[in-house]
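Here is the structure we will look at.
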Amino acid sequence: MEEQLKNNAPEANEDTDTPLDQNVRLMSPTRMVVRRFFRSKLSIVGLVMIVGLFLFSFVGPLIYTQWGEIELDESGKTEYATAETTYTVNGVEYTLHQTTEKSLKDNFLAPPSAEHILGTDNEGYDIFVRLMYGGRISLIVSFIAVFLITILGVFMGGIAGFFGGVVDNIIMRVCDVLICLPGIPILLIISTILDASGIDAKYRIYLLMIYLTFISWPGTARLVRGQILSLREQEYMVAAEAMGYSAPRKIFKHLVPNVMPQLIVQMSLSLGSMILYEATLSYLNLGVKAPYAAWGTMINIISTNQDILQNHLNVWVPAGICIVIAVLGFNFVGDGLRDALDPKARR
């Protein structure tokens with residue numbers, strides 16, 4: 001019986017003296033997260049949406065060069081207007097016939113065609129081209145704002161959670177004050193100041209997003225602070241204290257990396273919210289000014305022109321679709337990352 005069991009036992013590896021079935025290569029945590037992420041169909045759909053928007057916005061203008069962002073389609077017919085003026089000199093009546101030449105743009109609010117894929121707006125700009133350049137503004141501004149919010153929030157939240165006491169109270173009270181600030185009214189004031197200062201319309205939205213960064217970091221700071229308060233008493237932090245590591249090293253090398261999964265998920269979800277915020281600012285005429293384009297600016301036209309709202313869907317619907325795709329894409333990716341980074345998920 002013993003000989004039969006020996007014959008059925010797995011052979012040992014000569015180098016490690018362990019059974020062959022124990023030499024199975026373990027999957028790394030990073031590979032496991034990637035595998036979980038790509039198992040989700042919604043995550044893949046969201047990733048395809050985001051990549052497609054980036055290619056459309058940044059590569060598209062390099063391929064479709066027929067029209068520029070601020071290039072008007074001024075092709076049109078020539079109209080001649082005749083005006084008659086009658087006057088009397090020494091009892092004699094004279095009539096002056098004056099003909100004026102006026103060049104008309106017959107391509108404003110043009111329907112989709114081979115020359116203009118999505119038609120033109122009420123100023124004669126190509127909608128398809130402005131959609132691509134508007135995507136650049138919306139995506140770049142959102143990424144910059146979320147990146148700055150995360151950096152500032154991690155720094156302030158890490159300090160508050162690690163040191164506690166007076167430092168924690170001061171930073172948290174600053175967060176409370178910033179959260180209470182009315183966003184839109186202050187943005188209106190800042191926009192008026194920027195109008196008076198004559199700053200280029202193309203860069204105004206970036207200045208406004210800096211202000212949004214200033215008032216939006218408390219949420220990230222609170223998240224980081226709460227996580228660090230629960231992590232700083234762990235065994236590895238006691239070991240770091242015994243090793244005599246400095247406070248910055250303990251915060252940013254041992255504590256913050258353990259908060260990164262939650263930060264990554266929050267950043268991906270915040271990107272969708274920031275795109276909506278930028279579109280709202282542009283719709284309220286607080287963001288990018290004409291002749292430059294943003295998705296919110298392209299929708300803004302329907303607020304003052306009911307005819308375009310009802311009869312020219314090609315002018316504003318594509319921009320709305322792009323906003324929906326961007327927000328859904330980032331939310332799908334955020335949900336996928338949240339599930340993939342969940343340590344309780346084993347499948």
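Each chain in the structure tokens gets a letter, A, B and so on, in the order shown; residues start at 1 in every chain, and ligands are counted from 1 in the order they appear.
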
Selection near stretch 127-138 of chain A, 6 Å with only C-alpha atoms, sequence-local residues under 4 positions removed, as a short mmCIF file (atom, residue, chain, number, x, y, z; two decimals) with N, CA, C and O atoms, in the first residue's frame:
data_model
loop_
_atom_site.label_atom_id
_atom_site.label_comp_id
_atom_site.auth_asym_id
_atom_site.auth_seq_id
_atom_site.Cartn_x
_atom_site.Cartn_y
_atom_site.Cartn_z
N SER A 57 -10.18 63.75 -31.00
CA SER A 57 -9.86 65.14 -30.67
C SER A 57 -8.43 65.52 -31.03
O SER A 57 -8.19 66.67 -31.43
N GLU A 69 -10.13 75.52 -37.10
CA GLU A 69 -11.04 75.74 -35.97
C GLU A 69 -11.76 77.09 -36.08
O GLU A 69 -12.95 77.19 -35.79
N LEU A 118 -20.67 67.58 -40.86
CA LEU A 118 -21.79 67.82 -39.95
C LEU A 118 -22.46 69.17 -40.20
O LEU A 118 -23.24 69.64 -39.37
N THR A 120 -22.58 73.40 -40.99
CA THR A 120 -21.96 74.59 -40.39
C THR A 120 -22.93 75.20 -39.38
O THR A 120 -24.14 74.95 -39.41
N ALA A 293 -13.67 77.00 -29.71
CA ALA A 293 -14.78 76.09 -29.46
C ALA A 293 -14.54 75.23 -28.24
O ALA A 293 -13.41 74.88 -27.90
N ALA A 294 -15.62 74.90 -27.56
CA ALA A 294 -15.67 73.87 -26.54
C ALA A 294 -17.04 73.23 -26.66
O ALA A 294 -17.97 73.82 -27.22
N TRP A 295 -17.18 72.03 -26.15
CA TRP A 295 -18.46 71.34 -26.29
C TRP A 295 -19.59 72.13 -25.65
O TRP A 295 -20.69 72.23 -26.21
#

As a PDB file with N, CA, C and O atoms, in the first residue's frame, please: all residues of stretch 93-191 of chain A that backbone DSSP puts in alpha helix (DSSP H).
ATOM      1  N   ILE A 127     -18.791  72.459 -38.141  1.00  0.00           N
ATOM      2  CA  ILE A 127     -19.142  71.855 -36.853  1.00  0.00           C
ATOM      3  C   ILE A 127     -18.247  70.666 -36.535  1.00  0.00           C
ATOM      4  O   ILE A 127     -17.824  70.484 -35.391  1.00  0.00           O
ATOM      5  N   PHE A 128     -17.935  69.866 -37.534  1.00  0.00           N
ATOM      6  CA  PHE A 128     -17.111  68.675 -37.307  1.00  0.00           C
ATOM      7  C   PHE A 128     -15.725  69.062 -36.788  1.00  0.00           C
ATOM      8  O   PHE A 128     -15.208  68.444 -35.848  1.00  0.00           O
ATOM      9  N   VAL A 129     -15.142  70.084 -37.367  1.00  0.00           N
ATOM     10  CA  VAL A 129     -13.813  70.532 -36.938  1.00  0.00           C
ATOM     11  C   VAL A 129     -13.880  71.113 -35.530  1.00  0.00           C
ATOM     12  O   VAL A 129     -13.029  70.830 -34.673  1.00  0.00           O
ATOM     13  N   ARG A 130     -14.878  71.934 -35.265  1.00  0.00           N
ATOM     14  CA  ARG A 130     -14.995  72.536 -33.943  1.00  0.00           C
ATOM     15  C   ARG A 130     -15.287  71.483 -32.876  1.00  0.00           C
ATOM     16  O   ARG A 130     -14.927  71.656 -31.702  1.00  0.00           O
ATOM     17  N   LEU A 131     -15.923  70.399 -33.273  1.00  0.00           N
ATOM     18  CA  LEU A 131     -16.161  69.304 -32.339  1.00  0.00           C
ATOM     19  C   LEU A 131     -14.842  68.675 -31.901  1.00  0.00           C
ATOM     20  O   LEU A 131     -14.659  68.327 -30.722  1.00  0.00           O
ATOM     21  N   MET A 132     -13.915  68.527 -32.835  1.00  0.00           N
ATOM     22  CA  MET A 132     -12.619  67.952 -32.499  1.00  0.00           C
ATOM     23  C   MET A 132     -11.807  68.890 -31.609  1.00  0.00           C
ATOM     24  O   MET A 132     -11.236  68.470 -30.595  1.00  0.00           O
ATOM     25  N   TYR A 133     -11.743  70.151 -31.977  1.00  0.00           N
ATOM     26  CA  TYR A 133     -10.986  71.101 -31.166  1.00  0.00           C
ATOM     27  C   TYR A 133     -11.663  71.337 -29.819  1.00  0.00           C
ATOM     28  O   TYR A 133     -10.982  71.564 -28.810  1.00  0.00           O
ATOM     29  N   GLY A 134     -12.976  71.294 -29.786  1.00  0.00           N
ATOM     30  CA  GLY A 134     -13.673  71.418 -28.512  1.00  0.00           C
ATOM     31  C   GLY A 134     -13.372  70.257 -27.581  1.00  0.00           C
ATOM     32  O   GLY A 134     -13.283  70.433 -26.356  1.00  0.00           O
ATOM     33  N   GLY A 135     -13.185  69.058 -28.144  1.00  0.00           N
ATOM     34  CA  GLY A 135     -12.799  67.911 -27.337  1.00  0.00           C
ATOM     35  C   GLY A 135     -11.432  68.089 -26.709  1.00  0.00           C
ATOM     36  O   GLY A 135     -11.196  67.673 -25.570  1.00  0.00           O
ATOM     37  N   ARG A 136     -10.522  68.716 -27.439  1.00  0.00           N
ATOM     38  CA  ARG A 136      -9.204  68.994 -26.869  1.00  0.00           C
ATOM     39  C   ARG A 136      -9.324  69.842 -25.608  1.00  0.00           C
ATOM     40  O   ARG A 136      -8.725  69.542 -24.565  1.00  0.00           O
ATOM     41  N   ILE A 137     -10.098  70.924 -25.712  1.00  0.00           N
ATOM     42  CA  ILE A 137     -10.257  71.816 -24.572  1.00  0.00           C
ATOM     43  C   ILE A 137     -10.880  71.074 -23.388  1.00  0.00           C
ATOM     44  O   ILE A 137     -10.376  71.120 -22.257  1.00  0.00           O
ATOM     45  N   SER A 138     -11.977  70.371 -23.634  1.00  0.00           N
ATOM     46  CA  SER A 138     -12.694  69.712 -22.547  1.00  0.00           C
ATOM     47  C   SER A 138     -11.849  68.642 -21.874  1.00  0.00           C
ATOM     48  O   SER A 138     -11.804  68.555 -20.635  1.00  0.00           O
ATOM     49  N   LEU A 139     -11.157  67.826 -22.658  1.00  0.00           N
ATOM     50  CA  LEU A 139     -10.366  66.732 -22.084  1.00  0.00           C
ATOM     51  C   LEU A 139      -9.122  67.251 -21.374  1.00  0.00           C
ATOM     52  O   LEU A 139      -8.804  66.818 -20.258  1.00  0.00           O
ATOM     53  N   ILE A 140      -8.419  68.190 -21.982  1.00  0.00           N
ATOM     54  CA  ILE A 140      -7.200  68.711 -21.362  1.00  0.00           C
ATOM     55  C   ILE A 140      -7.516  69.424 -20.057  1.00  0.00           C
ATOM     56  O   ILE A 140      -6.854  69.209 -19.024  1.00  0.00           O
ATOM     57  N   VAL A 141      -8.536  70.278 -20.081  1.00  0.00           N
ATOM     58  CA  VAL A 141      -8.902  71.026 -18.880  1.00  0.00           C
ATOM     59  C   VAL A 141      -9.310  70.070 -17.765  1.00  0.00           C
ATOM     60  O   VAL A 141      -8.913  70.249 -16.602  1.00  0.00           O
ATOM     61  N   SER A 142     -10.081  69.047 -18.083  1.00  0.00           N
ATOM     62  CA  SER A 142     -10.538  68.105 -17.062  1.00  0.00           C
ATOM     63  C   SER A 142      -9.369  67.340 -16.461  1.00  0.00           C
ATOM     64  O   SER A 142      -9.291  67.183 -15.231  1.00  0.00           O
ATOM     65  N   PHE A 143      -8.454  66.874 -17.291  1.00  0.00           N
ATOM     66  CA  PHE A 143      -7.307  66.126 -16.774  1.00  0.00           C
ATOM     67  C   PHE A 143      -6.411  67.010 -15.915  1.00  0.00           C
ATOM     68  O   PHE A 143      -5.938  66.584 -14.860  1.00  0.00           O
ATOM     69  N   ILE A 144      -6.170  68.240 -16.351  1.00  0.00           N
ATOM     70  CA  ILE A 144      -5.326  69.143 -15.567  1.00  0.00           C
ATOM     71  C   ILE A 144      -5.961  69.422 -14.211  1.00  0.00           C
ATOM     72  O   ILE A 144      -5.299  69.375 -13.159  1.00  0.00           O
ATOM     73  N   ALA A 145      -7.263  69.712 -14.212  1.00  0.00           N
ATOM     74  CA  ALA A 145      -7.946  70.034 -12.960  1.00  0.00           C
ATOM     75  C   ALA A 145      -7.934  68.847 -11.994  1.00  0.00           C
ATOM     76  O   ALA A 145      -7.615  69.006 -10.810  1.00  0.00           O
ATOM     77  N   VAL A 146      -8.259  67.650 -12.486  1.00  0.00           N
ATOM     78  CA  VAL A 146      -8.294  66.469 -11.614  1.00  0.00           C
ATOM     79  C   VAL A 146      -6.898  66.146 -11.100  1.00  0.00           C
ATOM     80  O   VAL A 146      -6.716  65.780  -9.920  1.00  0.00           O
ATOM     81  N   PHE A 147      -5.874  66.291 -11.941  1.00  0.00           N
ATOM     82  CA  PHE A 147      -4.504  66.019 -11.509  1.00  0.00           C
ATOM     83  C   PHE A 147      -4.088  66.988 -10.397  1.00  0.00           C
ATOM     84  O   PHE A 147      -3.529  66.572  -9.369  1.00  0.00           O
ATOM     85  N   LEU A 148      -4.368  68.261 -10.571  1.00  0.00           N
ATOM     86  CA  LEU A 148      -3.985  69.250  -9.555  1.00  0.00           C
ATOM     87  C   LEU A 148      -4.774  69.046  -8.265  1.00  0.00           C
ATOM     88  O   LEU A 148      -4.227  69.176  -7.161  1.00  0.00           O
ATOM     89  N   ILE A 149      -6.051  68.724  -8.397  1.00  0.00           N
ATOM     90  CA  ILE A 149      -6.872  68.469  -7.206  1.00  0.00           C
ATOM     91  C   ILE A 149      -6.323  67.286  -6.423  1.00  0.00           C
ATOM     92  O   ILE A 149      -6.238  67.314  -5.186  1.00  0.00           O
ATOM     93  N   THR A 150      -5.916  66.233  -7.132  1.00  0.00           N
ATOM     94  CA  THR A 150      -5.388  65.041  -6.467  1.00  0.00           C
ATOM     95  C   THR A 150      -4.067  65.337  -5.774  1.00  0.00           C
ATOM     96  O   THR A 150      -3.857  64.939  -4.609  1.00  0.00           O
ATOM     97  N   ILE A 151      -3.165  66.042  -6.452  1.00  0.00           N
ATOM     98  CA  ILE A 151      -1.864  66.358  -5.848  1.00  0.00           C
ATOM     99  C   ILE A 151      -2.045  67.184  -4.585  1.00  0.00           C
ATOM    100  O   ILE A 151      -1.469  66.882  -3.522  1.00  0.00           O
ATOM    101  N   LEU A 152      -2.851  68.237  -4.673  1.00  0.00           N
ATOM    102  CA  LEU A 152      -3.060  69.109  -3.516  1.00  0.00           C
ATOM    103  C   LEU A 152      -3.797  68.383  -2.397  1.00  0.00           C
ATOM    104  O   LEU A 152      -3.469  68.537  -1.208  1.00  0.00           O
ATOM    105  N   GLY A 153      -4.797  67.577  -2.770  1.00  0.00           N
ATOM    106  CA  GLY A 153      -5.548  66.841  -1.764  1.00  0.00           C
ATOM    107  C   GLY A 153      -4.709  65.798  -1.049  1.00  0.00           C
ATOM    108  O   GLY A 153      -4.821  65.631   0.174  1.00  0.00           O
ATOM    109  N   VAL A 154      -3.854  65.091  -1.791  1.00  0.00           N
ATOM    110  CA  VAL A 154      -2.974  64.091  -1.169  1.00  0.00           C
ATOM    111  C   VAL A 154      -1.992  64.760  -0.223  1.00  0.00           C
ATOM    112  O   VAL A 154      -1.745  64.265   0.896  1.00  0.00           O
ATOM    113  N   PHE A 155      -1.440  65.881  -0.635  1.00  0.00           N
ATOM    114  CA  PHE A 155      -0.457  66.570   0.208  1.00  0.00           C
ATOM    115  C   PHE A 155      -1.096  67.057   1.511  1.00  0.00           C
ATOM    116  O   PHE A 155      -0.591  66.786   2.614  1.00  0.00           O
ATOM    117  N   MET A 156      -2.224  67.763   1.404  1.00  0.00           N
ATOM    118  CA  MET A 156      -2.858  68.316   2.596  1.00  0.00           C
ATOM    119  C   MET A 156      -3.495  67.220   3.449  1.00  0.00           C
ATOM    120  O   MET A 156      -3.383  67.240   4.690  1.00  0.00           O
ATOM    121  N   GLY A 157      -4.147  66.249   2.824  1.00  0.00           N
ATOM    122  CA  GLY A 157      -4.753  65.166   3.583  1.00  0.00           C
ATOM    123  C   GLY A 157      -3.722  64.276   4.263  1.00  0.00           C
ATOM    124  O   GLY A 157      -3.940  63.806   5.383  1.00  0.00           O
ATOM    125  N   GLY A 158      -2.577  64.046   3.582  1.00  0.00           N
ATOM    126  CA  GLY A 158      -1.521  63.242   4.191  1.00  0.00           C
ATOM    127  C   GLY A 158      -0.951  63.899   5.432  1.00  0.00           C
ATOM    128  O   GLY A 158      -0.726  63.246   6.465  1.00  0.00           O
ATOM    129  N   ILE A 159      -0.720  65.202   5.363  1.00  0.00           N
ATOM    130  CA  ILE A 159      -0.189  65.923   6.525  1.00  0.00           C
ATOM    131  C   ILE A 159      -1.199  65.920   7.672  1.00  0.00           C
ATOM    132  O   ILE A 159      -0.855  65.676   8.834  1.00  0.00           O
ATOM    133  N   ALA A 160      -2.484  66.177   7.338  1.00  0.00           N
ATOM    134  CA  ALA A 160      -3.510  66.223   8.381  1.00  0.00           C
ATOM    135  C   ALA A 160      -3.683  64.867   9.060  1.00  0.00           C
ATOM    136  O   ALA A 160      -3.786  64.780  10.292  1.00  0.00           O
ATOM    137  N   GLY A 161      -3.716  63.797   8.284  1.00  0.00           N
ATOM    138  CA  GLY A 161      -3.936  62.484   8.862  1.00  0.00           C
ATOM    139  C   GLY A 161      -2.745  61.968   9.649  1.00  0.00           C
ATOM    140  O   GLY A 161      -2.920  61.269  10.647  1.00  0.00           O
ATOM    141  N   PHE A 162      -1.546  62.313   9.220  1.00  0.00           N
ATOM    142  CA  PHE A 162      -0.357  61.780   9.892  1.00  0.00           C
ATOM    143  C   PHE A 162      -0.062  62.508  11.199  1.00  0.00           C
ATOM    144  O   PHE A 162       0.199  61.876  12.230  1.00  0.00           O
ATOM    145  N   PHE A 163      -0.105  63.832  11.185  1.00  0.00           N
ATOM    146  CA  PHE A 163       0.276  64.598  12.373  1.00  0.00           C
ATOM    147  C   PHE A 163      -0.884  64.748  13.350  1.00  0.00           C
ATOM    148  O   PHE A 163      -0.689  64.740  14.562  1.00  0.00           O
ATOM    149  N   GLY A 165      -3.954  66.324  15.617  1.00  0.00           N
ATOM    150  CA  GLY A 165      -3.896  67.434  16.559  1.00  0.00           C
ATOM    151  C   GLY A 165      -4.229  68.775  15.943  1.00  0.00           C
ATOM    152  O   GLY A 165      -5.193  68.924  15.187  1.00  0.00           O
ATOM    153  N   VAL A 166      -3.392  69.772  16.255  1.00  0.00           N
ATOM    154  CA  VAL A 166      -3.622  71.137  15.794  1.00  0.00           C
ATOM    155  C   VAL A 166      -3.532  71.227  14.270  1.00  0.00           C
ATOM    156  O   VAL A 166      -4.335  71.899  13.614  1.00  0.00           O
ATOM    157  N   VAL A 167      -2.551  70.539  13.681  1.00  0.00           N
ATOM    158  CA  VAL A 167      -2.389  70.565  12.225  1.00  0.00           C
ATOM    159  C   VAL A 167      -3.635  70.022  11.534  1.00  0.00           C
ATOM    160  O   VAL A 167      -4.141  70.601  10.566  1.00  0.00           O
ATOM    161  N   ASP A 168      -4.141  68.931  12.056  1.00  0.00           N
ATOM    162  CA  ASP A 168      -5.347  68.332  11.485  1.00  0.00           C
ATOM    163  C   ASP A 168      -6.535  69.278  11.601  1.00  0.00           C
ATOM    164  O   ASP A 168      -7.314  69.458  10.651  1.00  0.00           O
ATOM    165  N   ASN A 169      -6.692  69.910  12.752  1.00  0.00           N
ATOM    166  CA  ASN A 169      -7.822  70.831  12.952  1.00  0.00           C
ATOM    167  C   ASN A 169      -7.751  72.024  12.011  1.00  0.00           C
ATOM    168  O   ASN A 169      -8.762  72.438  11.432  1.00  0.00           O
ATOM    169  N   ILE A 170      -6.563  72.584  11.829  1.00  0.00           N
ATOM    170  CA  ILE A 170      -6.423  73.747  10.957  1.00  0.00           C
ATOM    171  C   ILE A 170      -6.771  73.389   9.516  1.00  0.00           C
ATOM    172  O   ILE A 170      -7.545  74.081   8.842  1.00  0.00           O
ATOM    173  N   ILE A 171      -6.210  72.275   9.025  1.00  0.00           N
ATOM    174  CA  ILE A 171      -6.456  71.883   7.632  1.00  0.00           C
ATOM    175  C   ILE A 171      -7.916  71.531   7.415  1.00  0.00           C
ATOM    176  O   ILE A 171      -8.524  71.911   6.389  1.00  0.00           O
ATOM    177  N   MET A 172      -8.529  70.851   8.369  1.00  0.00           N
ATOM    178  CA  MET A 172      -9.943  70.485   8.212  1.00  0.00           C
ATOM    179  C   MET A 172     -10.853  71.705   8.268  1.00  0.00           C
ATOM    180  O   MET A 172     -11.878  71.773   7.591  1.00  0.00           O
ATOM    181  N   ARG A 173     -10.505  72.700   9.076  1.00  0.00           N
ATOM    182  CA  ARG A 173     -11.328  73.915   9.107  1.00  0.00           C
ATOM    183  C   ARG A 173     -11.188  74.693   7.797  1.00  0.00           C
ATOM    184  O   ARG A 173     -12.156  75.294   7.315  1.00  0.00           O
ATOM    185  N   VAL A 174     -10.004  74.689   7.217  1.00  0.00           N
ATOM    186  CA  VAL A 174      -9.829  75.308   5.900  1.00  0.00           C
ATOM    187  C   VAL A 174     -10.688  74.581   4.872  1.00  0.00           C
ATOM    188  O   VAL A 174     -11.329  75.210   4.011  1.00  0.00           O
ATOM    189  N   CYS A 175     -10.725  73.272   4.952  1.00  0.00           N
ATOM    190  CA  CYS A 175     -11.574  72.492   4.043  1.00  0.00           C
ATOM    191  C   CYS A 175     -13.048  72.867   4.211  1.00  0.00           C
ATOM    192  O   CYS A 175     -13.780  73.013   3.226  1.00  0.00           O
ATOM    193  N   ASP A 176     -13.485  73.024   5.459  1.00  0.00           N
ATOM    194  CA  ASP A 176     -14.879  73.392   5.703  1.00  0.00           C
ATOM    195  C   ASP A 176     -15.213  74.738   5.089  1.00  0.00           C
ATOM    196  O   ASP A 176     -16.295  74.927   4.506  1.00  0.00           O
ATOM    197  N   VAL A 177     -14.289  75.698   5.205  1.00  0.00           N
ATOM    198  CA  VAL A 177     -14.523  77.026   4.644  1.00  0.00           C
ATOM    199  C   VAL A 177     -14.607  76.960   3.119  1.00  0.00           C
ATOM    200  O   VAL A 177     -15.497  77.561   2.501  1.00  0.00           O
ATOM    201  N   LEU A 178     -13.691  76.220   2.486  1.00  0.00           N
ATOM    202  CA  LEU A 178     -13.683  76.129   1.025  1.00  0.00           C
ATOM    203  C   LEU A 178     -14.920  75.422   0.496  1.00  0.00           C
ATOM    204  O   LEU A 178     -15.449  75.774  -0.562  1.00  0.00           O
ATOM    205  N   ILE A 179     -15.405  74.434   1.227  1.00  0.00           N
ATOM    206  CA  ILE A 179     -16.603  73.717   0.796  1.00  0.00           C
ATOM    207  C   ILE A 179     -17.823  74.634   0.826  1.00  0.00           C
ATOM    208  O   ILE A 179     -18.750  74.497   0.017  1.00  0.00           O
ATOM    209  N   CYS A 180     -17.818  75.592   1.739  1.00  0.00           N
ATOM    210  CA  CYS A 180     -18.970  76.491   1.876  1.00  0.00           C
ATOM    211  C   CYS A 180     -18.982  77.616   0.845  1.00  0.00           C
ATOM    212  O   CYS A 180     -19.986  78.345   0.750  1.00  0.00           O
ATOM    213  N   GLY A 183     -19.807  78.408  -5.591  1.00  0.00           N
ATOM    214  CA  GLY A 183     -18.968  78.271  -6.782  1.00  0.00           C
ATOM    215  C   GLY A 183     -19.363  79.163  -7.938  1.00  0.00           C
ATOM    216  O   GLY A 183     -18.562  79.960  -8.431  1.00  0.00           O
ATOM    217  N   ILE A 184     -20.618  79.064  -8.376  1.00  0.00           N
ATOM    218  CA  ILE A 184     -21.053  79.789  -9.569  1.00  0.00           C
ATOM    219  C   ILE A 184     -20.986  81.309  -9.380  1.00  0.00           C
ATOM    220  O   ILE A 184     -20.481  82.016 -10.269  1.00  0.00           O
ATOM    221  N   PRO A 185     -21.489  81.896  -8.280  1.00  0.00           N
ATOM    222  CA  PRO A 185     -21.371  83.355  -8.135  1.00  0.00           C
ATOM    223  C   PRO A 185     -19.941  83.866  -8.183  1.00  0.00           C
ATOM    224  O   PRO A 185     -19.656  84.899  -8.804  1.00  0.00           O
ATOM    225  N   ILE A 186     -19.031  83.148  -7.530  1.00  0.00           N
ATOM    226  CA  ILE A 186     -17.636  83.584  -7.558  1.00  0.00           C
ATOM    227  C   ILE A 186     -17.062  83.442  -8.962  1.00  0.00           C
ATOM    228  O   ILE A 186     -16.275  84.278  -9.423  1.00  0.00           O
ATOM    229  N   LEU A 187     -17.463  82.395  -9.687  1.00  0.00           N
ATOM    230  CA  LEU A 187     -17.012  82.239 -11.069  1.00  0.00           C
ATOM    231  C   LEU A 187     -17.506  83.378 -11.947  1.00  0.00           C
ATOM    232  O   LEU A 187     -16.793  83.838 -12.848  1.00  0.00           O
ATOM    233  N   LEU A 188     -18.715  83.855 -11.686  1.00  0.00           N
ATOM    234  CA  LEU A 188     -19.236  85.000 -12.433  1.00  0.00           C
ATOM    235  C   LEU A 188     -18.392  86.246 -12.191  1.00  0.00           C
ATOM    236  O   LEU A 188     -18.079  87.003 -13.113  1.00  0.00           O
ATOM    237  N   ILE A 189     -17.996  86.442 -10.949  1.00  0.00           N
ATOM    238  CA  ILE A 189     -17.162  87.606 -10.618  1.00  0.00           C
ATOM    239  C   ILE A 189     -15.798  87.486 -11.291  1.00  0.00           C
ATOM    240  O   ILE A 189     -15.286  88.446 -11.889  1.00  0.00           O
ATOM    241  N   ILE A 190     -15.198  86.291 -11.197  1.00  0.00           N
ATOM    242  CA  ILE A 190     -13.882  86.094 -11.811  1.00  0.00           C
ATOM    243  C   ILE A 190     -13.958  86.265 -13.317  1.00  0.00           C
ATOM    244  O   ILE A 190     -13.065  86.861 -13.941  1.00  0.00           O
ATOM    245  N   SER A 191     -15.022  85.748 -13.926  1.00  0.00           N
ATOM    246  CA  SER A 191     -15.175  85.889 -15.375  1.00  0.00           C
ATOM    247  C   SER A 191     -15.288  87.351 -15.774  1.00  0.00           C
ATOM    248  O   SER A 191     -14.727  87.778 -16.798  1.00  0.00           O
TER     249      SER A 191
END

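Each of A:Ile117, A:Val327, A:Ile308, A:Met209 was checked against A:Ile50 using only C-alpha atoms; the smallest atom-to-atom distance is that of A:Val327.
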
| Long-range neighbours of A:Val288 as number ranges by chain, 8 Å cut-off, only C-alpha atoms, 4 positions minimum in chain | A: 201-205, 282, 292-294, 297

| message | Considering only strand (DSSP E or B) as DSSP defines it on the backbone, what residues of stretch 51-182 of chain A qualify? List them as number ranges by chain. | response | A: 72, 78-89, 92-103, 120, 125-126

| request: Work out how far apart atom CA of A:His254 and atom CA of A:Phe38 are and give it in Å to one decimal. | output: 28.4 Å
